[in-house]
Protein chains: 4
Amino acid sequence: MPEPIQVTVWGEYRHEKQNPKVADLYPEGMHETIAGFLREDSNLEVRTAWLDQPEHGLTDEVIAGTDVLVWWGHMAHGEVSDEVVAKLKARVLAGMGLVVLHSGHYSKIFKSLMGSTCSLKWRESTDKERLWNLMPSHPICQGIGEYIEIPAEEMYGEPFGIPTPDELLFISWFTGGEVFRSGATWRRGHGRIFYFRPGHETYPTYHHEDVRIVIRNAVTWARPTVNIPDACPNVPPLEPLPEDPDADSRSHTSHK
Amino acid sequence: MPEPIQVTVWGEYRHEKQNPKVADLYPEGMHETIAGFLREDSNLEVRTAWLDQPEHGLTDEVIAGTDVLVWWGHMAHGEVSDEVVAKLKARVLAGMGLVVLHSGHYSKIFKSLMGSTCSLKWRESTDKERLWNLMPSHPICQGIGEYIEIPAEEMYGEPFGIPTPDELLFISWFTGGEVFRSGATWRRGHGRIFYFRPGHETYPTYHHEDVRIVIRNAVTWARPTVNIPDACPNVPPLEPLPEDPDADSRSHTSHK
Amino acid sequence: MPEPIQVTVWGEYRHEKQNPKVADLYPEGMHETIAGFLREDSNLEVRTAWLDQPEHGLTDEVIAGTDVLVWWGHMAHGEVSDEVVAKLKARVLAGMGLVVLHSGHYSKIFKSLMGSTCSLKWRESTDKERLWNLMPSHPICQGIGEYIEIPAEEMYGEPFGIPTPDELLFISWFTGGEVFRSGATWRRGHGRIFYFRPGHETYPTYHHEDVRIVIRNAVTWARPTVNIPDACPNVPPLEPLPEDPDADSRSHTSHK
Amino acid sequence: MPEPIQVTVWGEYRHEKQNPKVADLYPEGMHETIAGFLREDSNLEVRTAWLDQPEHGLTDEVIAGTDVLVWWGHMAHGEVSDEVVAKLKARVLAGMGLVVLHSGHYSKIFKSLMGSTCSLKWRESTDKERLWNLMPSHPICQGIGEYIEIPAEEMYGEPFGIPTPDELLFISWFTGGEVFRSGATWRRGHGRIFYFRPGHETYPTYHHEDVRIVIRNAVTWARPTVNIPDACPNVPPLEPLPEDPDADSRSHTSHK
């Protein structure tokens, strides 16, 4: 049996306390709902963390012990500490997986790894969302048919300010006339990143079976294969070089 | 006749004052040497800026008036102000071109746009560098033959901590046994980015005709076609939607 | 002034003779309508060719003299000679541009360059098509706003059996609930390829101003920068090698 | 325990009968050597096939029963039947994995899936080859260090006439001064393809432990997740459409 994958589900956990509609849909918080359906896969060991815990629940020990981080945030991206984000980014680049959900497109960690605006069009209304499955052979799409249909969701529309994905898995159709690249992967350093669009807090999206399947698949897909911390080494040659008559005048400035 | 392209060549301009060997090679500074060969193309209007000027010479007016920014820095990346970097990044994402040279792989602006470590192996010695031309049809490679040969250069070796390039134009061979992706392009937002490896300060690389051709080509290739500031608009539907019985309970949290 | 670009617009020219509706929309043939709006750009020199001409109008002389080939075919892909397709493919790989329109997704030349099925979902009905502009900075998208709206068109739906595009410029929304990657580019060899979805023969799509702008832009974008015929050369070393004691037993089989 | 992966190793099996040096290195044929080290992984069920068998050993039954096909060919690409190649291609596009070795870059099946020339530079001599590991987190690179060193091999040099890979895993350095993209992946349809450069018949490359590890890893990586035959269906709308007053004049030409 393979080693269990250590998953941390991070939730902002604010809307649930302020908006009764959200509390009705997710009585223990969205992060607990997400953790709950991940735990249905016995190969996943799942803990949760949230914004208002010390260090947002993301201590050095938690970060070091996390194989895959799932991120949901929305109204308080600015309150996430830059220091924690820097640690998370270093962990992703060293190999940790990252699954970013919905409004997490504007989280510090996602924007920092993408290097671009991550902006989009949006509308909270009664759009139906239909996510077309472009890559049925991809591990993240196993168990999903031609498309996922969500009766009502917040709309996100193109252009989405992301770098070209390594793999484009889903494109969404919305009733109101828009489209969106709603499931996409990137490698950054040694880490695998998956962005998945659905999941506005005032809709029951994380109770939708297909959405759950995709997120469970994504967590397994994103598991680390290595843990390689950053380095920029000065190295000797592997093949013989001529002598350097100017060796004394080289700059020898470290690249750090 | 097309509009001239407004180019700003930014140089750190420190090695030249501290290392006589560098001063010999680049008596007016590396930035002036680079600006000089760019001016051979009459369609380029070229100014220079450097670290120790107020705002590093990159005032709001200069940034707004720059079509393509060429960047060389090495020993003092940390002294570049985060505020200036944030403005440069916003300009690239809105459409400005960026040509990053050599040790600029570790500049704040490049790392921020890449989202990854940008680390590599390195050695200052007597390696010959041969840059193989993988894409002779690319605008940046026009006028370049099968390869560019540089008699001696600092070695940079793989793995290079970058996201997969949109286009890989050059791969370098080094005497000491290493290889490197030495010319590559990325789109980030509406801006075009080109990274070009050669150009360590203690070698006469920016006097090499092929290196000059590549940088001139890159500046023209990177010119903006648009200037689109960031926005994340709340938009009305383009097709009719059903009424929203739950409109009052939506979060309506701005995405900013 | 730059050299004019030599464009050949190839049309199947069969529907126009068999279906009065198509003849009404395109009285001189779809290829002549397309050639007509390309000629509005004085930098393009445009000829036409069609299926029922000798060699389909694509003689060696025409192929050699074509910078960019525009292709529309639908009901008679199988009648296009394999020999002509092989010549066209060699020309694209050597540098010629190729703009493939609509049902040309199933042409021999496009399938051969893609290496995949190029299959899709389809429906001829009353769908509105809205093509969202994902890359407003791209040369092909200049002059196009947020989206192109076509009141009625044949629907093409995902999954589209293509390799991941180098650049994804447009995604289409259809009334009936589907989406499609409707504008995309690939490099193959030294040639640039653009696929553009709209243009079913029973709709007046090639009279739509935005569609015309995109195709004109694409032809200019796809112009060759080189003409490099295929070769697989046996080459001497550029750096000294030790002697080969086993030279006599090497296979020396040509790679052709 | 997972289902075993059904692997077919296809070898040309001609050099071994004609060149005593090759026969010495691979007494039972290169395909048997490759099959032998694959069988060290108990999760792989490995059979072999070769050119001079009826249907090249690739009957409909064998093709249908193969999860991953490993291909080595060199001097007789032209003798492989187009009909068999067409069946193999359809199987790859439906989901079968394909691992192409060395001179297989010029096989009909690889060229047909790439859509490009697949040409390169080459030299049979005494070059050392060092394959740098660009993506240590990739499943194919597990167990491989910074690089693989092969004391002597045929040289392949850039430019390599392939479409931009989805993932570039290895770049080779050669003593004689060349570089090569020597390990790369592509998706085509629902199938995964890996090309791996080393393996000229007059060198003992397939006895090199690192080369064996990479090929074993690649076979597991390339295993199918789906089996989806080609289709281009005419589909009804998922959302209501207005009536089509022109329904009678539509072309309704099948896309096949």
# chains A, B, ... in the order shown; residues from 1 in each chain; ligands from 1
>>> select_by_dssp(residues="region 73-121 of chain B", states="strand (DSSP E)", output="ChimeraX atom specification")
/B:97-101,121
>>> write_last_selection(atoms="C-alpha atoms", output="mmCIF file, in the first residue's frame")
data_model
loop_
_atom_site.group_PDB
_atom_site.id
_atom_site.type_symbol
_atom_site.label_atom_id
_atom_site.label_comp_id
_atom_site.auth_asym_id
_atom_site.auth_seq_id
_atom_site.Cartn_x
_atom_site.Cartn_y
_atom_site.Cartn_z
ATOM 1 C CA GLY B 97 8.085 44.274 -23.518
ATOM 2 C CA LEU B 98 10.897 43.034 -21.249
ATOM 3 C CA VAL B 99 14.302 41.714 -22.318
ATOM 4 C CA VAL B 100 16.213 40.189 -19.405
ATOM 5 C CA LEU B 101 19.936 39.636 -19.821
ATOM 6 C CA LYS B 121 24.278 26.159 -11.749
#
>>> interface_residues(of="chain A", to="chain C", cutoff="12 Å", atoms="only C-alpha atoms", output="VMD selection string")
chain A and resid 120 to 121 127 to 137 145 to 149 157 to 181
>>> residues_around(residues="Asp248 (chain B)", least_positions_apart="6", cutoff="12 Å", atoms="only C-alpha atoms", output="list in words")
Asn19, Pro20, Lys21, Glu124, Ser125 and Thr202 of chain A
>>> atom_distance(atom1="CA of His56 (chain A)", atom2="CA of Tyr26 (chain A)")
19.9 Å
>>> atom_distance(atom1="CA of Met75 (chain C)", atom2="CA of Ser119 (chain C)")
14.9 Å
>>> atom_distance(atom1="CA of Pro242 (chain D)", atom2="CA of Pro198 (chain C)")
19.7 Å
>>> closest_residue(among="A:Val219, A:Ile63, A:Leu44, A:Leu38", to="Leu88 (chain A)", atoms="only C-alpha atoms")
A:Ile63
>>> closest_residue(among="B:Ala35, B:Val92, B:Ala76, B:Val68", to="Gly104 (chain B)", atoms="only C-alpha atoms")
B:Ala76
>>> residues_around(residues="Arg39 (chain A)", least_positions_apart="6", cutoff="12 Å", atoms="only C-alpha atoms", output="PyMOL selection string")
chain A and resi 4-9+32-33+45-48+212-213+215-216+219
>>> closest_residue(among="A:Arg197, A:Lys87, A:Trp221, A:Glu12", to="Glu61 (chain A)", atoms="only C-alpha atoms")
A:Lys87
>>> closest_residue(among="D:Asp52, D:Asp24, D:Asp41, D:Glu209", to="Gly143 (chain D)", atoms="only C-alpha atoms")
D:Glu209
